[in-house]
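Engineer: Let me give you the structure first, and then I'll get to my questions.
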Amino acid sequence: MGNSALKRHFETAEKTGVLNLSKSKLSEFPKRLFTLSPVLRTLDLSDNSLPLLPPEIGSFSLLKSISCNNNKLTDLPVEIGQLVKLETLSLTGNKLISLPSSLSQLISLKFVYLSNNQLKDFPVLFCGLKHLEVLDVSNNLIESIPSEISSLRATELNLNQNRISFISNEISVCPRLKTLRLEENCLQIASIPSELLTNSKVSLLTLEGNLFEMKSFANLEGYDSYMERYTAVKKKMF
């Protein structure tokens with residue numbers, strides 16, 4: 001993107017609070033962006049070559065949405081936890097290995113998209129966020145779902161294409177979880193907690209591409225209870 005085009009984008013953003021710099025061939029965070037910190041509500045930096053976000057990102061106090069998909073991020077600054085009005089965090093297609101604990105301070109978060117990164121641990125720091133709706137950590141390197149999952153308040157959790165072989169029974173306690181995606185992992189049929197089927201609120205559970213035949217899923221304890229929830233939701237849709 002040429003300098004004149006960038007200038008127009010910044011001038012528009014000063015009025016609208018919305019800035020889209022996707023596919024702008026950026027290899028570093030534009031310094032001029034800092035002048036917009038008092039007004040910016042939406043920022044899209046996707047499809048560039050950014051290796052990092054600067055600590056000053058924490059000064060964008062009005063930000064509600066930030067997208068930095070398909071860049072070269074390997075970590076995030078601690079200061080990102082200062083964006084307490086942030087509702088959407090989208091960082092798919094980067095090289096993130098871990099996440100700063102300060103993300104647990106993002107009390108307004110509703111949608112988190114972290115697919116296609118290199119995360120090895122389930123991000124428990126999102127558990128307990130009261131407004132979280134969707135957590136997508138598909139296509140990472142996660143091996144287990146820990147007991148901390150019990151406080152996850154998301155309605156949809158996407159863990160497709162990881163390396164999960166263990167699911168804590170505590171997943172059945174999630175207060176709002178209705179959609180759980182676990183396709184293409186390393187699950188044995190015995191790894192599926194019966195509590196998930198009998199006692200949870202999950203009404204859509206996808207398990208294709210694991211280490212068992214799907215027909216054996218129907219023989220699990222609690223399968224009938226799960227199917228009752230699944231069928232009830234389907235009826236409401238039609």
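Note on naming: chains are A, B, ... as they come in the structure tokens, residues start from 1 per chain, ligands start from 1 in the order shown.
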Would you give me, as a tab-separated table, each residue of segment 117-182 of chain A having an atom within 10 Å of an atom of segment 76-90 of chain A, along with its shortest atom pair and that distance in Å to one decimal, using only C-alpha atoms and sorting by chain and residue number?
Structural biologist:
residue	atom	partner	partner_atom	distance
A:His131	CA	A:Glu87	CA	8.7
A:Leu132	CA	A:Glu87	CA	8.6
A:Glu133	CA	A:Glu87	CA	10.0
A:Val134	CA	A:Thr88	CA	9.7
A:Leu135	CA	A:Leu89	CA	9.9
A:Asp136	CA	A:Ser90	CA	9.4
Engineer: List the spatial neighbours of segment 43-54 of chain A as a compact mmCIF listing (two decimals) with C-alpha atoms, in the first residue's frame - criterion: any atom at most 8 Å away, only C-alpha atoms, same-chain residues fewer than 2 positions off excluded.
Structural biologist:
# COMPACT_ATOMS: atom_id res chain seq x y z
CA VAL A 18 -11.89 2.09 12.28
CA LEU A 19 -8.56 1.29 10.59
CA ASN A 20 -7.94 -1.53 8.12
CA LEU A 21 -4.30 -2.04 7.18
CA SER A 22 -4.61 -5.65 6.06
CA LYS A 23 -2.44 -6.68 3.10
CA SER A 24 -0.38 -3.50 3.41
CA LYS A 25 3.03 -5.20 3.25
CA LEU A 26 3.86 -4.05 6.76
CA SER A 27 6.97 -5.49 8.40
CA GLU A 28 6.71 -3.31 11.50
CA PHE A 29 4.00 -1.60 13.51
CA LEU A 40 -9.39 3.77 17.53
CA ARG A 41 -12.08 1.13 18.17
CA GLU A 56 2.33 0.67 23.39
CA ILE A 57 -0.63 -1.36 22.10
CA LEU A 63 -10.18 -0.83 21.12
CA SER A 65 -11.62 -5.42 18.04
CA ILE A 66 -8.10 -6.26 16.96
CA SER A 67 -7.23 -8.63 14.11
CA CYS A 68 -3.67 -9.57 13.39
CA ASN A 69 -4.20 -12.78 11.46
CA ASN A 70 -1.53 -14.28 9.22
CA ASN A 71 1.49 -12.42 10.47
CA LYS A 72 4.70 -13.63 12.16
CA LEU A 73 3.89 -13.10 15.83
CA THR A 74 5.72 -15.42 18.22
CA ASP A 75 4.48 -13.79 21.43
CA LEU A 76 2.35 -10.92 22.70
CA PRO A 77 3.25 -7.98 24.93
Engineer: List every residue of chain A that DSSP, applied to the backbone of this structure, places in alpha helix (DSSP H), and write the result as an MDAnalysis selection string.
Structural biologist: chainID A and resid 3:16 194:198 223:237
Engineer: With N, CA, C and O atoms retained, export the selected residues as a compact mmCIF listing (two decimals), in the first residue's frame.
Structural biologist:
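What landed in part-v1.txt:
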# COMPACT_ATOMS: atom_id res chain seq x y z
N ASN A 3 2.12 5.33 0.19
CA ASN A 3 2.02 6.30 1.27
C ASN A 3 0.74 7.12 1.20
O ASN A 3 0.14 7.46 2.23
N SER A 4 0.30 7.47 -0.02
CA SER A 4 -0.90 8.28 -0.17
C SER A 4 -2.14 7.50 0.29
O SER A 4 -3.04 8.05 0.93
N ALA A 5 -2.16 6.20 -0.05
CA ALA A 5 -3.28 5.36 0.38
C ALA A 5 -3.29 5.22 1.90
O ALA A 5 -4.35 5.29 2.54
N LEU A 6 -2.10 5.02 2.49
CA LEU A 6 -2.01 4.93 3.95
C LEU A 6 -2.50 6.21 4.61
O LEU A 6 -3.22 6.17 5.61
N LYS A 7 -2.11 7.33 4.03
CA LYS A 7 -2.52 8.63 4.58
C LYS A 7 -4.04 8.74 4.61
O LYS A 7 -4.62 9.19 5.61
N ARG A 8 -4.69 8.31 3.52
CA ARG A 8 -6.15 8.39 3.46
C ARG A 8 -6.78 7.48 4.52
O ARG A 8 -7.77 7.86 5.16
N HIS A 9 -6.19 6.29 4.69
CA HIS A 9 -6.70 5.37 5.70
C HIS A 9 -6.64 5.98 7.10
O HIS A 9 -7.58 5.86 7.89
N PHE A 10 -5.53 6.62 7.40
CA PHE A 10 -5.37 7.23 8.72
C PHE A 10 -6.32 8.40 8.92
O PHE A 10 -6.89 8.57 9.99
N GLU A 11 -6.48 9.20 7.87
CA GLU A 11 -7.40 10.35 7.98
C GLU A 11 -8.83 9.88 8.21
O GLU A 11 -9.58 10.47 9.00
N THR A 12 -9.21 8.80 7.53
CA THR A 12 -10.56 8.25 7.71
C THR A 12 -10.72 7.69 9.12
O THR A 12 -11.76 7.87 9.77
N ALA A 13 -9.67 7.01 9.59
CA ALA A 13 -9.72 6.39 10.92
C ALA A 13 -9.88 7.41 12.03
O ALA A 13 -10.52 7.15 13.05
N GLU A 14 -9.32 8.60 11.83
CA GLU A 14 -9.46 9.66 12.82
C GLU A 14 -10.91 10.05 13.03
O GLU A 14 -11.32 10.45 14.12
N LYS A 15 -11.71 9.87 11.96
CA LYS A 15 -13.13 10.24 12.03
C LYS A 15 -14.01 9.07 12.45
O LYS A 15 -15.00 9.25 13.17
N THR A 16 -13.65 7.86 11.99
CA THR A 16 -14.52 6.70 12.18
C THR A 16 -14.11 5.80 13.35
O THR A 16 -14.93 5.03 13.86
N SER A 194 -17.71 -39.89 30.56
CA SER A 194 -19.15 -40.15 30.52
C SER A 194 -19.93 -38.95 31.05
O SER A 194 -21.06 -38.67 30.60
N GLU A 195 -19.32 -38.19 31.97
CA GLU A 195 -19.98 -36.99 32.51
C GLU A 195 -20.26 -35.96 31.42
O GLU A 195 -21.24 -35.21 31.51
N LEU A 196 -19.41 -35.93 30.41
CA LEU A 196 -19.61 -35.00 29.30
C LEU A 196 -20.92 -35.31 28.58
O LEU A 196 -21.61 -34.40 28.10
N LEU A 197 -21.25 -36.58 28.51
CA LEU A 197 -22.47 -37.00 27.82
C LEU A 197 -23.69 -36.93 28.72
O LEU A 197 -24.77 -36.52 28.31
N THR A 198 -23.52 -37.32 29.98
CA THR A 198 -24.68 -37.42 30.88
C THR A 198 -25.06 -36.11 31.55
O THR A 198 -26.25 -35.81 31.68
N TYR A 223 -24.71 -41.73 26.12
CA TYR A 223 -24.93 -41.34 24.72
C TYR A 223 -26.39 -40.92 24.49
O TYR A 223 -26.65 -39.93 23.80
N ASP A 224 -27.33 -41.65 25.07
CA ASP A 224 -28.74 -41.33 24.88
C ASP A 224 -29.08 -39.95 25.44
O ASP A 224 -29.86 -39.20 24.83
N SER A 225 -28.49 -39.62 26.58
CA SER A 225 -28.72 -38.30 27.18
C SER A 225 -28.19 -37.20 26.26
O SER A 225 -28.85 -36.16 26.06
N TYR A 226 -27.01 -37.44 25.71
CA TYR A 226 -26.43 -36.47 24.78
C TYR A 226 -27.33 -36.30 23.56
O TYR A 226 -27.60 -35.17 23.12
N MET A 227 -27.81 -37.41 23.00
CA MET A 227 -28.64 -37.34 21.80
C MET A 227 -29.97 -36.63 22.06
O MET A 227 -30.52 -35.98 21.15
N GLU A 228 -30.47 -36.71 23.27
CA GLU A 228 -31.68 -35.98 23.61
C GLU A 228 -31.44 -34.47 23.50
O GLU A 228 -32.28 -33.72 22.97
N ARG A 229 -30.30 -34.03 24.01
CA ARG A 229 -29.96 -32.60 23.92
C ARG A 229 -29.74 -32.21 22.46
O ARG A 229 -30.21 -31.14 22.01
N TYR A 230 -29.02 -33.04 21.74
CA TYR A 230 -28.72 -32.77 20.32
C TYR A 230 -30.01 -32.65 19.52
O TYR A 230 -30.19 -31.69 18.74
N THR A 231 -30.92 -33.58 19.71
CA THR A 231 -32.18 -33.59 18.97
C THR A 231 -33.05 -32.40 19.33
O THR A 231 -33.68 -31.78 18.46
N ALA A 232 -33.07 -32.06 20.61
CA ALA A 232 -33.87 -30.91 21.05
C ALA A 232 -33.42 -29.62 20.40
O ALA A 232 -34.24 -28.78 19.98
N VAL A 233 -32.10 -29.44 20.28
CA VAL A 233 -31.56 -28.24 19.65
C VAL A 233 -31.89 -28.23 18.16
O VAL A 233 -32.25 -27.20 17.59
N LYS A 234 -31.78 -29.39 17.51
CA LYS A 234 -32.09 -29.49 16.08
C LYS A 234 -33.54 -29.12 15.81
O LYS A 234 -33.86 -28.44 14.82
N LYS A 235 -34.44 -29.55 16.68
CA LYS A 235 -35.85 -29.25 16.49
C LYS A 235 -36.11 -27.75 16.58
O LYS A 235 -36.96 -27.22 15.87
N LYS A 236 -35.39 -27.08 17.45
CA LYS A 236 -35.57 -25.64 17.61
C LYS A 236 -35.11 -24.88 16.37
O LYS A 236 -35.57 -23.77 16.10
N MET A 237 -34.17 -25.49 15.64
CA MET A 237 -33.60 -24.82 14.46
C MET A 237 -34.54 -24.88 13.26
O MET A 237 -34.41 -24.10 12.33
Engineer: Please list as a PyMOL selection string every residue within 9 Å of Leu129 of chain A, counting only C-alpha atoms and excluding residues in the same chain fewer than 5 positions away.
Structural biologist: chain A and resi 104-110+151-154
Engineer: I'd like the contact shell of Val202 of chain A - 6 Å cut-off, only C-alpha atoms, skipping same-chain residues fewer than 4 positions apart - returned as a list in words.
Structural biologist: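 Non-adjacent residues within range: Leu177, Lys178 and Thr179 of chain A.
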Engineer: Residues of segment 24-114 of chain A that have any atom at most 12 Å from an atom of segment 157-164 of chain A: could you tabulate them with the shortest-distance atom pair and the distance in Å to one decimal, using only C-alpha atoms, ordered by chain and increasing number, as CSV?
Structural biologist:
residue,atom,partner,partner_atom,distance
A:Phe111,CA,A:Leu157,CA,10.6
A:Val112,CA,A:Leu157,CA,9.9
A:Tyr113,CA,A:Asn158,CA,9.4
A:Leu114,CA,A:Asn158,CA,9.9
Engineer: Hey, what's within 10 Å of Asp121 of chain A if we count only C-alpha atoms and toss same-chain stuff fewer than 3 positions away? As number ranges by chain, please?
Structural biologist: A: 97-99, 118, 124, 140-146
Engineer: Output N, CA, C and O atoms of each residue in that selection to a file, as a PDB file, in the first residue's frame.
Structural biologist:
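Written out: selection.pdb:
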ATOM      1  N   ILE A  97       3.609 -19.378  20.626  1.00  0.00           N
ATOM      2  CA  ILE A  97       3.954 -20.561  21.416  1.00  0.00           C
ATOM      3  C   ILE A  97       3.277 -20.514  22.781  1.00  0.00           C
ATOM      4  O   ILE A  97       2.887 -21.536  23.338  1.00  0.00           O
ATOM      5  N   SER A  98       3.127 -19.309  23.311  1.00  0.00           N
ATOM      6  CA  SER A  98       2.481 -19.116  24.612  1.00  0.00           C
ATOM      7  C   SER A  98       1.762 -17.774  24.608  1.00  0.00           C
ATOM      8  O   SER A  98       1.912 -16.968  23.683  1.00  0.00           O
ATOM      9  N   LEU A  99       0.986 -17.546  25.665  1.00  0.00           N
ATOM     10  CA  LEU A  99       0.211 -16.319  25.788  1.00  0.00           C
ATOM     11  C   LEU A  99       0.484 -15.668  27.137  1.00  0.00           C
ATOM     12  O   LEU A  99       0.672 -16.367  28.130  1.00  0.00           O
ATOM     13  N   GLN A 118       1.051 -22.316  17.487  1.00  0.00           N
ATOM     14  CA  GLN A 118       1.875 -23.406  18.003  1.00  0.00           C
ATOM     15  C   GLN A 118       1.721 -23.538  19.521  1.00  0.00           C
ATOM     16  O   GLN A 118       2.667 -23.862  20.240  1.00  0.00           O
ATOM     17  N   VAL A 124      -5.809 -21.676  29.791  1.00  0.00           N
ATOM     18  CA  VAL A 124      -6.708 -21.567  30.938  1.00  0.00           C
ATOM     19  C   VAL A 124      -6.933 -20.121  31.369  1.00  0.00           C
ATOM     20  O   VAL A 124      -7.878 -19.833  32.117  1.00  0.00           O
ATOM     21  N   ASN A 140      -3.552 -26.354  16.729  1.00  0.00           N
ATOM     22  CA  ASN A 140      -2.396 -26.032  17.546  1.00  0.00           C
ATOM     23  C   ASN A 140      -1.740 -27.342  17.988  1.00  0.00           C
ATOM     24  O   ASN A 140      -1.890 -28.357  17.291  1.00  0.00           O
ATOM     25  N   LEU A 141      -1.049 -27.329  19.100  1.00  0.00           N
ATOM     26  CA  LEU A 141      -0.314 -28.520  19.548  1.00  0.00           C
ATOM     27  C   LEU A 141      -0.757 -28.949  20.948  1.00  0.00           C
ATOM     28  O   LEU A 141      -0.001 -29.587  21.677  1.00  0.00           O
ATOM     29  N   ILE A 142      -1.995 -28.631  21.306  1.00  0.00           N
ATOM     30  CA  ILE A 142      -2.516 -28.891  22.651  1.00  0.00           C
ATOM     31  C   ILE A 142      -2.735 -30.391  22.852  1.00  0.00           C
ATOM     32  O   ILE A 142      -3.313 -31.065  21.994  1.00  0.00           O
ATOM     33  N   GLU A 143      -2.279 -30.913  24.001  1.00  0.00           N
ATOM     34  CA  GLU A 143      -2.328 -32.356  24.255  1.00  0.00           C
ATOM     35  C   GLU A 143      -3.393 -32.769  25.262  1.00  0.00           C
ATOM     36  O   GLU A 143      -3.762 -33.944  25.325  1.00  0.00           O
ATOM     37  N   SER A 144      -3.884 -31.833  26.077  1.00  0.00           N
ATOM     38  CA  SER A 144      -4.862 -32.208  27.099  1.00  0.00           C
ATOM     39  C   SER A 144      -5.764 -31.040  27.450  1.00  0.00           C
ATOM     40  O   SER A 144      -5.427 -29.870  27.226  1.00  0.00           O
ATOM     41  N   ILE A 145      -6.950 -31.381  27.997  1.00  0.00           N
ATOM     42  CA  ILE A 145      -7.888 -30.387  28.507  1.00  0.00           C
ATOM     43  C   ILE A 145      -7.872 -30.510  30.024  1.00  0.00           C
ATOM     44  O   ILE A 145      -8.363 -31.496  30.569  1.00  0.00           O
ATOM     45  N   PRO A 146      -7.308 -29.535  30.743  1.00  0.00           N
ATOM     46  CA  PRO A 146      -7.108 -29.650  32.197  1.00  0.00           C
ATOM     47  C   PRO A 146      -8.373 -29.382  32.991  1.00  0.00           C
ATOM     48  O   PRO A 146      -9.393 -28.933  32.458  1.00  0.00           O
TER      49      PRO A 146
END
Engineer: Quick one: distance from atom CA of Pro193 of chain A to atom CA of Thr155 of chain A in Å, one decimal?
Structural biologist: 18.8 Å
Engineer: Segment 16-186 of chain A: which residues are strand (DSSP E) by DSSP, as a PyMOL selection string?
Structural biologist: chain A and resi 18-20+42-44+65-67+88-90+111-113+134-136+144-145+156-158+166-167+179-181
Engineer: Next, dump the selected residues to file, keeping only N, CA and C atoms, as an mmCIF file, in the first residue's frame.
Structural biologist:
data_model
loop_
_atom_site.group_PDB
_atom_site.id
_atom_site.type_symbol
_atom_site.label_atom_id
_atom_site.label_comp_id
_atom_site.auth_asym_id
_atom_site.auth_seq_id
_atom_site.Cartn_x
_atom_site.Cartn_y
_atom_site.Cartn_z
ATOM 1 N N VAL A 18 -12.100 3.391 12.919
ATOM 2 C CA VAL A 18 -11.886 2.091 12.280
ATOM 3 C C VAL A 18 -10.703 2.187 11.315
ATOM 4 N N LEU A 19 -9.732 1.275 11.460
ATOM 5 C CA LEU A 19 -8.559 1.290 10.587
ATOM 6 C C LEU A 19 -8.269 -0.111 10.078
ATOM 7 N N ASN A 20 -8.251 -0.261 8.758
ATOM 8 C CA ASN A 20 -7.943 -1.532 8.122
ATOM 9 C C ASN A 20 -6.647 -1.399 7.337
ATOM 10 N N THR A 42 -11.531 -0.163 16.179
ATOM 11 C CA THR A 42 -11.330 -1.393 15.399
ATOM 12 C C THR A 42 -10.025 -1.282 14.627
ATOM 13 N N LEU A 43 -9.181 -2.315 14.756
ATOM 14 C CA LEU A 43 -7.890 -2.319 14.079
ATOM 15 C C LEU A 43 -7.667 -3.674 13.415
ATOM 16 N N ASP A 44 -7.400 -3.645 12.111
ATOM 17 C CA ASP A 44 -7.127 -4.871 11.357
ATOM 18 C C ASP A 44 -5.744 -4.761 10.716
ATOM 19 N N SER A 65 -11.970 -4.305 18.919
ATOM 20 C CA SER A 65 -11.621 -5.422 18.045
ATOM 21 C C SER A 65 -10.227 -5.230 17.475
ATOM 22 N N ILE A 66 -9.416 -6.275 17.592
ATOM 23 C CA ILE A 66 -8.102 -6.257 16.958
ATOM 24 C C ILE A 66 -7.890 -7.574 16.218
ATOM 25 N N SER A 67 -7.523 -7.461 14.950
ATOM 26 C CA SER A 67 -7.232 -8.627 14.114
ATOM 27 C C SER A 67 -5.806 -8.509 13.600
ATOM 28 N N THR A 88 -13.203 -8.595 20.674
ATOM 29 C CA THR A 88 -12.750 -9.589 19.695
ATOM 30 C C THR A 88 -11.234 -9.551 19.570
ATOM 31 N N LEU A 89 -10.614 -10.712 19.763
ATOM 32 C CA LEU A 89 -9.171 -10.868 19.612
ATOM 33 C C LEU A 89 -8.935 -11.969 18.585
ATOM 34 N N SER A 90 -8.393 -11.598 17.439
ATOM 35 C CA SER A 90 -8.205 -12.564 16.352
ATOM 36 C C SER A 90 -6.739 -12.592 15.923
ATOM 37 N N PHE A 111 -15.071 -12.962 21.752
ATOM 38 C CA PHE A 111 -14.627 -13.852 20.683
ATOM 39 C C PHE A 111 -13.100 -13.887 20.621
ATOM 40 N N VAL A 112 -12.547 -15.103 20.719
ATOM 41 C CA VAL A 112 -11.095 -15.286 20.671
ATOM 42 C C VAL A 112 -10.771 -16.321 19.598
ATOM 43 N N TYR A 113 -9.951 -15.912 18.635
ATOM 44 C CA TYR A 113 -9.582 -16.792 17.523
ATOM 45 C C TYR A 113 -8.062 -16.945 17.490
ATOM 46 N N VAL A 134 -17.017 -17.464 22.210
ATOM 47 C CA VAL A 134 -16.324 -18.413 21.334
ATOM 48 C C VAL A 134 -14.824 -18.398 21.611
ATOM 49 N N LEU A 135 -14.267 -19.588 21.809
ATOM 50 C CA LEU A 135 -12.819 -19.751 21.942
ATOM 51 C C LEU A 135 -12.376 -20.767 20.894
ATOM 52 N N ASP A 136 -11.602 -20.313 19.925
ATOM 53 C CA ASP A 136 -11.133 -21.174 18.840
ATOM 54 C C ASP A 136 -9.617 -21.318 18.940
ATOM 55 N N SER A 144 -3.884 -31.833 26.077
ATOM 56 C CA SER A 144 -4.862 -32.208 27.099
ATOM 57 C C SER A 144 -5.764 -31.040 27.450
ATOM 58 N N ILE A 145 -6.950 -31.381 27.997
ATOM 59 C CA ILE A 145 -7.888 -30.387 28.507
ATOM 60 C C ILE A 145 -7.872 -30.510 30.024
ATOM 61 N N GLU A 156 -19.055 -21.912 22.840
ATOM 62 C CA GLU A 156 -18.453 -22.750 21.800
ATOM 63 C C GLU A 156 -16.937 -22.830 21.990
ATOM 64 N N LEU A 157 -16.415 -24.072 21.962
ATOM 65 C CA LEU A 157 -14.987 -24.315 22.100
ATOM 66 C C LEU A 157 -14.533 -25.177 20.936
ATOM 67 N N ASN A 158 -13.597 -24.661 20.149
ATOM 68 C CA ASN A 158 -13.086 -25.382 18.987
ATOM 69 C C ASN A 158 -11.656 -25.831 19.253
ATOM 70 N N PHE A 166 -6.297 -36.437 26.359
ATOM 71 C CA PHE A 166 -6.898 -36.447 27.702
ATOM 72 C C PHE A 166 -7.887 -35.314 27.857
ATOM 73 N N ILE A 167 -9.067 -35.635 28.394
ATOM 74 C CA ILE A 167 -10.091 -34.628 28.691
ATOM 75 C C ILE A 167 -10.491 -34.768 30.159
ATOM 76 N N THR A 179 -21.324 -26.173 22.326
ATOM 77 C CA THR A 179 -20.667 -26.743 21.148
ATOM 78 C C THR A 179 -19.212 -27.035 21.474
ATOM 79 N N LEU A 180 -18.815 -28.296 21.308
ATOM 80 C CA LEU A 180 -17.450 -28.725 21.589
ATOM 81 C C LEU A 180 -16.920 -29.477 20.379
ATOM 82 N N ARG A 181 -15.885 -28.924 19.754
ATOM 83 C CA ARG A 181 -15.322 -29.518 18.538
ATOM 84 C C ARG A 181 -13.955 -30.134 18.856
#
Engineer: Measuring between only C-alpha atoms, which one of A:Ser102, A:Ser147, A:Glu170, A:Gly209 shows the shortest distance to Phe126 of chain A?
Structural biologist: A:Ser102
